[in-house]
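Here's structure_7.pdb, which has PDB, N, CA, C and O atoms:
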ATOM      1  N   MET K   1     194.298-112.858 162.795
ATOM      2  CA  MET K   1     193.583-112.571 161.570
ATOM      3  C   MET K   1     193.175-113.873 160.879
ATOM      4  O   MET K   1     192.029-114.027 160.497
ATOM      5  N   LEU K   2     194.096-114.804 160.715
ATOM      6  CA  LEU K   2     193.781-116.066 160.061
ATOM      7  C   LEU K   2     192.761-116.859 160.864
ATOM      8  O   LEU K   2     191.853-117.469 160.292
ATOM      9  N   SER K   3     192.871-116.809 162.176
ATOM     10  CA  SER K   3     191.909-117.535 163.011
ATOM     11  C   SER K   3     190.513-116.939 162.881
ATOM     12  O   SER K   3     189.520-117.668 162.937
ATOM     13  N   GLU K   4     190.411-115.643 162.656
ATOM     14  CA  GLU K   4     189.104-115.013 162.452
ATOM     15  C   GLU K   4     188.482-115.477 161.134
ATOM     16  O   GLU K   4     187.278-115.754 161.081
ATOM     17  N   VAL K   5     189.290-115.574 160.102
ATOM     18  CA  VAL K   5     188.802-116.062 158.811
ATOM     19  C   VAL K   5     188.333-117.505 158.958
ATOM     20  O   VAL K   5     187.253-117.881 158.487
ATOM     21  N   TYR K   6     189.136-118.314 159.629
ATOM     22  CA  TYR K   6     188.763-119.712 159.868
ATOM     23  C   TYR K   6     187.437-119.794 160.623
ATOM     24  O   TYR K   6     186.551-120.563 160.262
ATOM     25  N   ASP K   7     187.298-119.003 161.675
ATOM     26  CA  ASP K   7     186.074-119.027 162.479
ATOM     27  C   ASP K   7     184.855-118.660 161.643
ATOM     28  O   ASP K   7     183.806-119.309 161.746
ATOM     29  N   ARG K   8     184.987-117.647 160.789
ATOM     30  CA  ARG K   8     183.851-117.239 159.936
ATOM     31  C   ARG K   8     183.502-118.334 158.943
ATOM     32  O   ARG K   8     182.334-118.667 158.757
ATOM     33  N   LEU K   9     184.518-118.882 158.273
ATOM     34  CA  LEU K   9     184.262-119.938 157.296
ATOM     35  C   LEU K   9     183.693-121.184 157.968
ATOM     36  O   LEU K   9     182.767-121.816 157.442
ATOM     37  N   ASN K  10     184.230-121.533 159.111
ATOM     38  CA  ASN K  10     183.745-122.706 159.826
ATOM     39  C   ASN K  10     182.292-122.524 160.244
ATOM     40  O   ASN K  10     181.494-123.462 160.155
ATOM     41  N   ALA K  11     181.924-121.335 160.674
ATOM     42  CA  ALA K  11     180.530-121.069 161.055
ATOM     43  C   ALA K  11     179.611-121.242 159.859
ATOM     44  O   ALA K  11     178.527-121.822 159.963
ATOM     45  N   ARG K  12     180.047-120.779 158.681
ATOM     46  CA  ARG K  12     179.229-120.944 157.469
ATOM     47  C   ARG K  12     179.105-122.411 157.092
ATOM     48  O   ARG K  12     178.041-122.875 156.694
ATOM     49  N   LEU K  13     180.197-123.146 157.218
ATOM     50  CA  LEU K  13     180.154-124.568 156.882
ATOM     51  C   LEU K  13     179.285-125.349 157.857
ATOM     52  O   LEU K  13     178.562-126.265 157.456
ATOM     53  N   GLN K  14     179.325-124.992 159.136
ATOM     54  CA  GLN K  14     178.475-125.666 160.117
ATOM     55  C   GLN K  14     177.009-125.424 159.802
ATOM     56  O   GLN K  14     176.184-126.344 159.889
ATOM     57  N   ALA K  15     176.678-124.200 159.421
ATOM     58  CA  ALA K  15     175.294-123.892 159.050
ATOM     59  C   ALA K  15     174.887-124.692 157.814
ATOM     60  O   ALA K  15     173.772-125.214 157.730
ATOM     61  N   LEU K  16     175.799-124.814 156.866
ATOM     62  CA  LEU K  16     175.525-125.593 155.659
ATOM     63  C   LEU K  16     175.331-127.060 155.998
ATOM     64  O   LEU K  16     174.413-127.710 155.496
ATOM     65  N   ARG K  17     176.184-127.601 156.861
ATOM     66  CA  ARG K  17     176.030-128.992 157.283
ATOM     67  C   ARG K  17     174.669-129.224 157.903
ATOM     68  O   ARG K  17     173.997-130.195 157.614
ATOM     69  N   PHE K  18     174.267-128.307 158.769
ATOM     70  CA  PHE K  18     172.977-128.440 159.440
ATOM     71  C   PHE K  18     171.844-128.401 158.421
ATOM     72  O   PHE K  18     170.955-129.255 158.441
ATOM     73  N   SER K  19     171.874-127.427 157.520
ATOM     74  CA  SER K  19     170.771-127.295 156.565
ATOM     75  C   SER K  19     170.747-128.437 155.559
ATOM     76  O   SER K  19     169.678-128.847 155.113
ATOM     77  N   SER K  20     171.893-128.990 155.200
ATOM     78  CA  SER K  20     171.905-130.085 154.223
ATOM     79  C   SER K  20     171.391-131.384 154.824
ATOM     80  O   SER K  20     171.021-132.297 154.094
ATOM     81  N   ASN K  21     171.323-131.474 156.141
ATOM     82  CA  ASN K  21     170.808-132.674 156.793
ATOM     83  C   ASN K  21     169.306-132.846 156.598
ATOM     84  O   ASN K  21     168.773-133.906 156.860
ATOM     85  N   PHE K  22     168.625-131.811 156.129
ATOM     86  CA  PHE K  22     167.193-131.899 155.916
ATOM     87  C   PHE K  22     166.840-132.543 154.583
ATOM     88  O   PHE K  22     165.685-132.846 154.326
ATOM     89  N   ASP K  23     167.829-132.734 153.735
ATOM     90  CA  ASP K  23     167.603-133.406 152.451
ATOM     91  C   ASP K  23     167.845-134.897 152.685
ATOM     92  O   ASP K  23     168.984-135.346 152.800
ATOM     93  N   SER K  24     166.764-135.669 152.752
ATOM     94  CA  SER K  24     166.896-137.079 153.149
ATOM     95  C   SER K  24     167.718-137.881 152.146
ATOM     96  O   SER K  24     168.435-138.803 152.537
ATOM     97  N   GLU K  25     167.654-137.535 150.878
ATOM     98  CA  GLU K  25     168.446-138.256 149.878
ATOM     99  C   GLU K  25     169.943-138.063 150.121
ATOM    100  O   GLU K  25     170.718-139.012 150.111
ATOM    101  N   LYS K  26     170.333-136.819 150.366
ATOM    102  CA  LYS K  26     171.751-136.533 150.654
ATOM    103  C   LYS K  26     172.173-137.170 151.976
ATOM    104  O   LYS K  26     173.280-137.693 152.093
ATOM    105  N   TRP K  27     171.291-137.081 152.959
ATOM    106  CA  TRP K  27     171.605-137.655 154.267
ATOM    107  C   TRP K  27     171.838-139.160 154.142
ATOM    108  O   TRP K  27     172.817-139.687 154.671
ATOM    109  N   ASN K  28     170.941-139.853 153.453
ATOM    110  CA  ASN K  28     171.075-141.300 153.285
ATOM    111  C   ASN K  28     172.354-141.662 152.534
ATOM    112  O   ASN K  28     173.029-142.638 152.877
ATOM    113  N   ALA K  29     172.701-140.874 151.518
ATOM    114  CA  ALA K  29     173.940-141.126 150.776
ATOM    115  C   ALA K  29     175.154-140.937 151.680
ATOM    116  O   ALA K  29     176.100-141.731 151.633
ATOM    117  N   ALA K  30     175.126-139.909 152.516
ATOM    118  CA  ALA K  30     176.242-139.659 153.428
ATOM    119  C   ALA K  30     176.377-140.787 154.444
ATOM    120  O   ALA K  30     177.490-141.222 154.753
ATOM    121  N   VAL K  31     175.258-141.274 154.945
ATOM    122  CA  VAL K  31     175.298-142.382 155.903
ATOM    123  C   VAL K  31     175.875-143.630 155.236
ATOM    124  O   VAL K  31     176.709-144.333 155.830
ATOM    125  N   ARG K  32     175.472-143.889 153.997
ATOM    126  CA  ARG K  32     176.037-145.040 153.267
ATOM    127  C   ARG K  32     177.545-144.869 153.085
ATOM    128  O   ARG K  32     178.307-145.820 153.254
ATOM    129  N   ASP K  33     177.968-143.648 152.757
ATOM    130  CA  ASP K  33     179.404-143.379 152.615
ATOM    131  C   ASP K  33     180.133-143.660 153.927
ATOM    132  O   ASP K  33     181.186-144.295 153.938
ATOM    133  N   HIS K  34     179.580-143.183 155.020
ATOM    134  CA  HIS K  34     180.237-143.368 156.316
ATOM    135  C   HIS K  34     180.304-144.843 156.687
ATOM    136  O   HIS K  34     181.323-145.314 157.210
ATOM    137  N   ASP K  35     179.234-145.573 156.406
ATOM    138  CA  ASP K  35     179.254-147.023 156.659
ATOM    139  C   ASP K  35     180.346-147.698 155.826
ATOM    140  O   ASP K  35     181.082-148.553 156.318
ATOM    141  N   ALA K  36     180.448-147.294 154.558
ATOM    142  CA  ALA K  36     181.462-147.872 153.672
ATOM    143  C   ALA K  36     182.868-147.509 154.144
ATOM    144  O   ALA K  36     183.790-148.324 154.042
ATOM    145  N   MET K  37     183.034-146.299 154.683
ATOM    146  CA  MET K  37     184.341-145.896 155.212
ATOM    147  C   MET K  37     184.740-146.802 156.371
ATOM    148  O   MET K  37     185.895-147.247 156.449
ATOM    149  N   ILE K  38     183.799-147.059 157.260
ATOM    150  CA  ILE K  38     184.080-147.926 158.416
ATOM    151  C   ILE K  38     184.447-149.327 157.942
ATOM    152  O   ILE K  38     185.395-149.943 158.451
ATOM    153  N   GLU K  39     183.700-149.840 156.961
ATOM    154  CA  GLU K  39     184.009-151.170 156.420
ATOM    155  C   GLU K  39     185.406-151.206 155.815
ATOM    156  O   GLU K  39     186.157-152.163 156.028
ATOM    157  N   ALA K  40     185.760-150.168 155.052
ATOM    158  CA  ALA K  40     187.081-150.119 154.435
ATOM    159  C   ALA K  40     188.180-150.033 155.496
ATOM    160  O   ALA K  40     189.229-150.674 155.366
ATOM    161  N   LEU K  41     187.935-149.253 156.532
ATOM    162  CA  LEU K  41     188.902-149.171 157.631
ATOM    163  C   LEU K  41     189.075-150.526 158.308
ATOM    164  O   LEU K  41     190.204-150.955 158.561
ATOM    165  N   ALA K  42     187.954-151.174 158.594
ATOM    166  CA  ALA K  42     188.016-152.480 159.268
ATOM    167  C   ALA K  42     188.752-153.503 158.412
ATOM    168  O   ALA K  42     189.472-154.356 158.943
ATOM    169  N   ALA K  43     188.584-153.403 157.098
ATOM    170  CA  ALA K  43     189.241-154.333 156.181
ATOM    171  C   ALA K  43     190.676-153.906 155.861
ATOM    172  O   ALA K  43     191.387-154.609 155.137
ATOM    173  N   ARG K  44     191.077-152.762 156.396
ATOM    174  CA  ARG K  44     192.407-152.193 156.115
ATOM    175  C   ARG K  44     192.630-152.017 154.614
ATOM    176  O   ARG K  44     193.716-152.248 154.081
ATOM    177  N   ASP K  45     191.556-151.603 153.943
ATOM    178  CA  ASP K  45     191.580-151.405 152.497
ATOM    179  C   ASP K  45     191.739-149.913 152.204
ATOM    180  O   ASP K  45     190.764-149.183 151.998
ATOM    181  N   GLY K  46     192.987-149.468 152.206
ATOM    182  CA  GLY K  46     193.288-148.057 152.016
ATOM    183  C   GLY K  46     192.851-147.517 150.672
ATOM    184  O   GLY K  46     192.369-146.381 150.580
ATOM    185  N   ALA K  47     192.993-148.305 149.629
ATOM    186  CA  ALA K  47     192.610-147.840 148.296
ATOM    187  C   ALA K  47     191.098-147.597 148.223
ATOM    188  O   ALA K  47     190.651-146.583 147.673
ATOM    189  N   ARG K  48     190.335-148.521 148.788
ATOM    190  CA  ARG K  48     188.870-148.347 148.796
ATOM    191  C   ARG K  48     188.480-147.153 149.654
ATOM    192  O   ARG K  48     187.616-146.347 149.266
ATOM    193  N   LEU K  49     189.100-147.017 150.808
ATOM    194  CA  LEU K  49     188.807-145.886 151.686
ATOM    195  C   LEU K  49     189.084-144.572 150.960
ATOM    196  O   LEU K  49     188.282-143.641 151.018
ATOM    197  N   ARG K  50     190.184-144.514 150.253
ATOM    198  CA  ARG K  50     190.526-143.295 149.508
ATOM    199  C   ARG K  50     189.451-142.973 148.485
ATOM    200  O   ARG K  50     189.011-141.831 148.369
ATOM    201  N   ARG K  51     189.003-143.973 147.725
ATOM    202  CA  ARG K  51     187.971-143.742 146.708
ATOM    203  C   ARG K  51     186.684-143.205 147.344
ATOM    204  O   ARG K  51     186.067-142.275 146.837
ATOM    205  N   ILE K  52     186.302-143.797 148.461
ATOM    206  CA  ILE K  52     185.080-143.364 149.148
ATOM    207  C   ILE K  52     185.232-141.934 149.648
ATOM    208  O   ILE K  52     184.329-141.097 149.474
ATOM    209  N   LEU K  53     186.370-141.635 150.273
ATOM    210  CA  LEU K  53     186.593-140.293 150.814
ATOM    211  C   LEU K  53     186.621-139.232 149.718
ATOM    212  O   LEU K  53     186.023-138.159 149.865
ATOM    213  N   VAL K  54     187.288-139.530 148.620
ATOM    214  CA  VAL K  54     187.358-138.563 147.518
ATOM    215  C   VAL K  54     185.958-138.287 146.970
ATOM    216  O   VAL K  54     185.563-137.137 146.768
ATOM    217  N   SER K  55     185.189-139.340 146.758
ATOM    218  CA  SER K  55     183.831-139.175 146.255
ATOM    219  C   SER K  55     182.963-138.405 147.250
ATOM    220  O   SER K  55     182.223-137.484 146.875
ATOM    221  N   HIS K  56     183.070-138.765 148.519
ATOM    222  CA  HIS K  56     182.281-138.117 149.566
ATOM    223  C   HIS K  56     182.594-136.622 149.626
ATOM    224  O   HIS K  56     181.684-135.783 149.681
ATOM    225  N   MET K  57     183.869-136.292 149.603
ATOM    226  CA  MET K  57     184.263-134.890 149.686
ATOM    227  C   MET K  57     183.918-134.126 148.412
ATOM    228  O   MET K  57     183.604-132.931 148.466
ATOM    229  N   GLN K  58     183.939-134.791 147.263
ATOM    230  CA  GLN K  58     183.541-134.138 146.020
ATOM    231  C   GLN K  58     182.066-133.738 146.085
ATOM    232  O   GLN K  58     181.699-132.634 145.692
ATOM    233  N   HIS K  59     181.239-134.637 146.602
ATOM    234  CA  HIS K  59     179.821-134.308 146.750
ATOM    235  C   HIS K  59     179.634-133.145 147.713
ATOM    236  O   HIS K  59     178.809-132.255 147.474
ATOM    237  N   LYS K  60     180.388-133.147 148.806
ATOM    238  CA  LYS K  60     180.289-132.051 149.772
ATOM    239  C   LYS K  60     180.736-130.741 149.139
ATOM    240  O   LYS K  60     180.123-129.701 149.355
ATOM    241  N   LEU K  61     181.791-130.788 148.317
ATOM    242  CA  LEU K  61     182.257-129.588 147.626
ATOM    243  C   LEU K  61     181.160-129.022 146.737
ATOM    244  O   LEU K  61     180.932-127.810 146.707
ATOM    245  N   GLU K  62     180.464-129.884 146.021
ATOM    246  CA  GLU K  62     179.379-129.429 145.148
ATOM    247  C   GLU K  62     178.288-128.732 145.956
ATOM    248  O   GLU K  62     177.754-127.704 145.535
ATOM    249  N   VAL K  63     177.957-129.283 147.113
ATOM    250  CA  VAL K  63     176.943-128.675 147.975
ATOM    251  C   VAL K  63     177.411-127.310 148.473
ATOM    252  O   VAL K  63     176.662-126.330 148.449
ATOM    253  N   VAL K  64     178.656-127.242 148.916
ATOM    254  CA  VAL K  64     179.201-125.983 149.429
ATOM    255  C   VAL K  64     179.235-124.927 148.329
ATOM    256  O   VAL K  64     178.803-123.787 148.540
ATOM    257  N   LEU K  65     179.715-125.286 147.149
ATOM    258  CA  LEU K  65     179.778-124.315 146.058
ATOM    259  C   LEU K  65     178.395-123.834 145.652
ATOM    260  O   LEU K  65     178.194-122.643 145.381
ATOM    261  N   ALA K  66     177.422-124.733 145.614
ATOM    262  CA  ALA K  66     176.053-124.336 145.286
ATOM    263  C   ALA K  66     175.505-123.386 146.342
ATOM    264  O   ALA K  66     174.862-122.383 146.020
ATOM    265  N   HIS K  67     175.796-123.691 147.592
ATOM    266  CA  HIS K  67     175.335-122.828 148.684
ATOM    267  C   HIS K  67     175.978-121.442 148.581
ATOM    268  O   HIS K  67     175.292-120.425 148.701
ATOM    269  N   LEU K  68     177.271-121.412 148.346
ATOM    270  CA  LEU K  68     177.969-120.134 148.254
ATOM    271  C   LEU K  68     177.512-119.319 147.048
ATOM    272  O   LEU K  68     177.527-118.096 147.076
ATOM    273  N   ALA K  69     177.086-120.011 146.006
ATOM    274  CA  ALA K  69     176.594-119.329 144.812
ATOM    275  C   ALA K  69     175.144-118.877 144.990
ATOM    276  O   ALA K  69     174.574-118.278 144.092
ATOM    277  N   GLY K  70     174.553-119.237 146.138
ATOM    278  CA  GLY K  70     173.199-118.809 146.415
ATOM    279  C   GLY K  70     172.127-119.688 145.814
ATOM    280  O   GLY K  70     170.968-119.327 145.772
ATOM    281  N   ARG K  71     172.521-120.870 145.350
ATOM    282  CA  ARG K  71     171.553-121.754 144.714
ATOM    283  C   ARG K  71     170.891-122.666 145.716
ATOM    284  O   ARG K  71     169.917-123.323 145.389
ATOM    285  N   GLY K  72     171.420-122.775 146.915
ATOM    286  CA  GLY K  72     170.806-123.609 147.935
ATOM    287  C   GLY K  72     170.902-125.076 147.651
ATOM    288  O   GLY K  72     171.591-125.509 146.736
ATOM    289  N   SER K  73     170.189-125.876 148.432
ATOM    290  CA  SER K  73     170.314-127.326 148.346
ATOM    291  C   SER K  73     169.620-127.914 147.136
ATOM    292  O   SER K  73     169.961-128.989 146.686
ATOM    293  N   ARG K  74     168.624-127.222 146.565
ATOM    294  CA  ARG K  74     167.930-127.787 145.403
ATOM    295  C   ARG K  74     168.871-127.951 144.217
ATOM    296  O   ARG K  74     168.899-128.973 143.567
ATOM    297  N   ALA K  75     169.692-126.938 143.950
ATOM    298  CA  ALA K  75     170.625-127.034 142.816
ATOM    299  C   ALA K  75     171.718-128.040 143.087
ATOM    300  O   ALA K  75     172.168-128.735 142.179
ATOM    301  N   ALA K  76     172.146-128.143 144.333
ATOM    302  CA  ALA K  76     173.216-129.072 144.675
ATOM    303  C   ALA K  76     172.770-130.513 144.520
ATOM    304  O   ALA K  76     173.578-131.401 144.306
ATOM    305  N   ALA K  77     171.470-130.751 144.597
ATOM    306  CA  ALA K  77     170.957-132.108 144.491
ATOM    307  C   ALA K  77     170.940-132.600 143.058
ATOM    308  O   ALA K  77     170.862-133.785 142.801
ATOM    309  N   GLN K  78     171.010-131.646 142.106
ATOM    310  CA  GLN K  78     170.996-132.034 140.709
ATOM    311  C   GLN K  78     172.351-132.554 140.286
ATOM    312  O   GLN K  78     173.380-132.030 140.697
ATOM    313  N   PRO K  79     172.389-133.587 139.445
ATOM    314  CA  PRO K  79     173.687-134.113 138.988
ATOM    315  C   PRO K  79     174.450-133.075 138.189
ATOM    316  O   PRO K  79     173.866-132.265 137.487
ATOM    317  N   ALA K  80     175.767-133.149 138.301
ATOM    318  CA  ALA K  80     176.626-132.181 137.578
ATOM    319  C   ALA K  80     176.804-132.603 136.145
ATOM    320  O   ALA K  80     176.628-133.698 135.750
TER     321      ALA K  80
END

For this file, produce the structure as structure tokens.
Amino acid sequence: MLSEVYDRLNARLQALRFSSNFDSEKWNAAVRDHDAMIEALAARDGARLRRILVSHMQHKLEVVLAHLAGRGSRAAAQPA
């Protein structure tokens, strides 16, 4: 039962990931985040890595919540 719930949620998140890749502003921000994560890892700067990850995941949460609320990517792009 739990694995079925996970599979359904994961499928929705994968679709959201795919559709959010069409927003070039969000895509570019995510790429910058990933580059910064790699730099922080290489520098063994755990505090910086944590800050980047928290911010990155917060932005993703906003996109997911907007999508689930039916507002799509346009609303998620607006600042909170």

### Query
At what distance in Å, to one decimal, does CA of Asn28 in chain K lie from CA of Arg8 in chain K?
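Interatomic distance, CA of Arg8 in chain K to CA of Asn28 in chain K: 28.0 Å.
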
### Task
Would you please extract all alpha helix (DSSP H) residues from chain K, as assigned by DSSP on the backbone, and give them as a PyMOL selection string?
chain K and resi 2-20+24-42+46-68+72-77

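With distances restricted to all atoms listed in the file, K:Met37 is the closest residue to Arg50 in chain K from K:Met37, K:Trp27, K:Val5, K:Ala69.
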
Emit as JSON the padded axis-aligned box for all listed atoms of range 21-40 of chain K, 8 Å per side, with centre and edge lengths in Å to one decimal.
{"center_x": 177.5, "center_y": -141.8, "center_z": 154.2, "size_x": 39.5, "size_y": 36.7, "size_z": 24.6}

### Message
Can you pull out the residues contacting Ala36 in chain K? Cut-off 10 Å, using only C-alpha atoms, and skip same-chain residues under 6 positions away; I want them as a list in words.
### Response
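Counting only C-alpha atoms, the residues come to Ala30, Ala42, Arg48, Leu49, Ile52 and Leu53 of chain K.
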
### atom N of His59 in chain K to atom N of Arg17 in chain K, distance in Å rounded to a single decimal
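Rounded to one decimal, the two atoms are 13.4 Å apart.
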
### Task
State, in Å with one decimal place, the distance from atom N of Arg32 in chain K to CA of His56 in chain K.
10.0 Å

Please supply range 56-67 of chain K, rebuilt with all heavy atoms, as a PDB file, keeping the file's coordinate frame.
ATOM      1  N   HIS K  56     183.070-138.765 148.519  1.00  0.00           N
ATOM      2  CA  HIS K  56     182.281-138.117 149.566  1.00  0.00           C
ATOM      3  C   HIS K  56     182.594-136.622 149.626  1.00  0.00           C
ATOM      4  O   HIS K  56     181.684-135.783 149.681  1.00  0.00           O
ATOM      5  CB  HIS K  56     182.589-138.792 150.901  1.00  0.00           C
ATOM      6  CG  HIS K  56     181.771-138.290 152.037  1.00  0.00           C
ATOM      7  ND1 HIS K  56     180.468-138.680 152.249  1.00  0.00           N
ATOM      8  CD2 HIS K  56     182.082-137.446 153.054  1.00  0.00           C
ATOM      9  CE1 HIS K  56     180.006-138.084 153.346  1.00  0.00           C
ATOM     10  NE2 HIS K  56     180.970-137.334 153.852  1.00  0.00           N
ATOM     11  N   MET K  57     183.869-136.292 149.603  1.00  0.00           N
ATOM     12  CA  MET K  57     184.263-134.890 149.686  1.00  0.00           C
ATOM     13  C   MET K  57     183.918-134.126 148.412  1.00  0.00           C
ATOM     14  O   MET K  57     183.604-132.931 148.466  1.00  0.00           O
ATOM     15  CB  MET K  57     185.755-134.776 150.012  1.00  0.00           C
ATOM     16  CG  MET K  57     186.122-135.321 151.392  1.00  0.00           C
ATOM     17  SD  MET K  57     185.081-134.675 152.739  1.00  0.00           S
ATOM     18  CE  MET K  57     185.517-132.953 152.701  1.00  0.00           C
ATOM     19  N   GLN K  58     183.939-134.791 147.263  1.00  0.00           N
ATOM     20  CA  GLN K  58     183.541-134.138 146.020  1.00  0.00           C
ATOM     21  C   GLN K  58     182.066-133.738 146.085  1.00  0.00           C
ATOM     22  O   GLN K  58     181.699-132.634 145.692  1.00  0.00           O
ATOM     23  CB  GLN K  58     183.789-135.055 144.819  1.00  0.00           C
ATOM     24  CG  GLN K  58     183.436-134.415 143.493  1.00  0.00           C
ATOM     25  CD  GLN K  58     184.287-133.205 143.161  1.00  0.00           C
ATOM     26  OE1 GLN K  58     185.496-133.214 143.374  1.00  0.00           O
ATOM     27  NE2 GLN K  58     183.663-132.167 142.653  1.00  0.00           N
ATOM     28  N   HIS K  59     181.239-134.637 146.602  1.00  0.00           N
ATOM     29  CA  HIS K  59     179.821-134.308 146.750  1.00  0.00           C
ATOM     30  C   HIS K  59     179.634-133.145 147.713  1.00  0.00           C
ATOM     31  O   HIS K  59     178.809-132.255 147.474  1.00  0.00           O
ATOM     32  CB  HIS K  59     179.026-135.521 147.217  1.00  0.00           C
ATOM     33  CG  HIS K  59     178.906-136.578 146.180  1.00  0.00           C
ATOM     34  ND1 HIS K  59     179.175-137.899 146.431  1.00  0.00           N
ATOM     35  CD2 HIS K  59     178.559-136.516 144.877  1.00  0.00           C
ATOM     36  CE1 HIS K  59     179.014-138.589 145.327  1.00  0.00           C
ATOM     37  NE2 HIS K  59     178.637-137.776 144.371  1.00  0.00           N
ATOM     38  N   LYS K  60     180.388-133.147 148.806  1.00  0.00           N
ATOM     39  CA  LYS K  60     180.289-132.051 149.772  1.00  0.00           C
ATOM     40  C   LYS K  60     180.736-130.741 149.139  1.00  0.00           C
ATOM     41  O   LYS K  60     180.123-129.701 149.355  1.00  0.00           O
ATOM     42  CB  LYS K  60     181.127-132.355 151.019  1.00  0.00           C
ATOM     43  CG  LYS K  60     181.018-131.319 152.110  1.00  0.00           C
ATOM     44  CD  LYS K  60     179.598-130.992 152.506  1.00  0.00           C
ATOM     45  CE  LYS K  60     178.992-132.058 153.366  1.00  0.00           C
ATOM     46  NZ  LYS K  60     177.630-131.692 153.838  1.00  0.00           N
ATOM     47  N   LEU K  61     181.791-130.788 148.317  1.00  0.00           N
ATOM     48  CA  LEU K  61     182.257-129.588 147.626  1.00  0.00           C
ATOM     49  C   LEU K  61     181.160-129.022 146.737  1.00  0.00           C
ATOM     50  O   LEU K  61     180.932-127.810 146.707  1.00  0.00           O
ATOM     51  CB  LEU K  61     183.506-129.901 146.798  1.00  0.00           C
ATOM     52  CG  LEU K  61     184.020-128.766 145.910  1.00  0.00           C
ATOM     53  CD1 LEU K  61     184.451-127.569 146.747  1.00  0.00           C
ATOM     54  CD2 LEU K  61     185.154-129.265 145.035  1.00  0.00           C
ATOM     55  N   GLU K  62     180.464-129.884 146.021  1.00  0.00           N
ATOM     56  CA  GLU K  62     179.379-129.429 145.148  1.00  0.00           C
ATOM     57  C   GLU K  62     178.288-128.732 145.956  1.00  0.00           C
ATOM     58  O   GLU K  62     177.754-127.704 145.535  1.00  0.00           O
ATOM     59  CB  GLU K  62     178.813-130.614 144.368  1.00  0.00           C
ATOM     60  CG  GLU K  62     179.778-131.170 143.345  1.00  0.00           C
ATOM     61  CD  GLU K  62     179.372-132.529 142.800  1.00  0.00           C
ATOM     62  OE1 GLU K  62     178.248-133.001 143.103  1.00  0.00           O
ATOM     63  OE2 GLU K  62     180.167-133.131 142.062  1.00  0.00           O
ATOM     64  N   VAL K  63     177.957-129.283 147.113  1.00  0.00           N
ATOM     65  CA  VAL K  63     176.943-128.675 147.975  1.00  0.00           C
ATOM     66  C   VAL K  63     177.411-127.310 148.473  1.00  0.00           C
ATOM     67  O   VAL K  63     176.662-126.330 148.449  1.00  0.00           O
ATOM     68  CB  VAL K  63     176.603-129.603 149.168  1.00  0.00           C
ATOM     69  CG1 VAL K  63     175.735-128.899 150.190  1.00  0.00           C
ATOM     70  CG2 VAL K  63     175.932-130.871 148.666  1.00  0.00           C
ATOM     71  N   VAL K  64     178.656-127.242 148.916  1.00  0.00           N
ATOM     72  CA  VAL K  64     179.201-125.983 149.429  1.00  0.00           C
ATOM     73  C   VAL K  64     179.235-124.927 148.329  1.00  0.00           C
ATOM     74  O   VAL K  64     178.803-123.787 148.540  1.00  0.00           O
ATOM     75  CB  VAL K  64     180.613-126.197 150.023  1.00  0.00           C
ATOM     76  CG1 VAL K  64     181.302-124.865 150.305  1.00  0.00           C
ATOM     77  CG2 VAL K  64     180.529-127.038 151.283  1.00  0.00           C
ATOM     78  N   LEU K  65     179.715-125.286 147.149  1.00  0.00           N
ATOM     79  CA  LEU K  65     179.778-124.315 146.058  1.00  0.00           C
ATOM     80  C   LEU K  65     178.395-123.834 145.652  1.00  0.00           C
ATOM     81  O   LEU K  65     178.194-122.643 145.381  1.00  0.00           O
ATOM     82  CB  LEU K  65     180.516-124.917 144.858  1.00  0.00           C
ATOM     83  CG  LEU K  65     182.007-125.164 145.067  1.00  0.00           C
ATOM     84  CD1 LEU K  65     182.607-125.846 143.845  1.00  0.00           C
ATOM     85  CD2 LEU K  65     182.747-123.878 145.398  1.00  0.00           C
ATOM     86  N   ALA K  66     177.422-124.733 145.614  1.00  0.00           N
ATOM     87  CA  ALA K  66     176.053-124.336 145.286  1.00  0.00           C
ATOM     88  C   ALA K  66     175.505-123.386 146.342  1.00  0.00           C
ATOM     89  O   ALA K  66     174.862-122.383 146.020  1.00  0.00           O
ATOM     90  CB  ALA K  66     175.162-125.569 145.167  1.00  0.00           C
ATOM     91  N   HIS K  67     175.796-123.691 147.592  1.00  0.00           N
ATOM     92  CA  HIS K  67     175.335-122.828 148.684  1.00  0.00           C
ATOM     93  C   HIS K  67     175.978-121.442 148.581  1.00  0.00           C
ATOM     94  O   HIS K  67     175.292-120.425 148.701  1.00  0.00           O
ATOM     95  CB  HIS K  67     175.672-123.476 150.023  1.00  0.00           C
ATOM     96  CG  HIS K  67     175.254-122.660 151.197  1.00  0.00           C
ATOM     97  ND1 HIS K  67     173.953-122.599 151.620  1.00  0.00           N
ATOM     98  CD2 HIS K  67     175.973-121.864 152.024  1.00  0.00           C
ATOM     99  CE1 HIS K  67     173.888-121.790 152.672  1.00  0.00           C
ATOM    100  NE2 HIS K  67     175.091-121.350 152.936  1.00  0.00           N
TER     101      HIS K  67
END
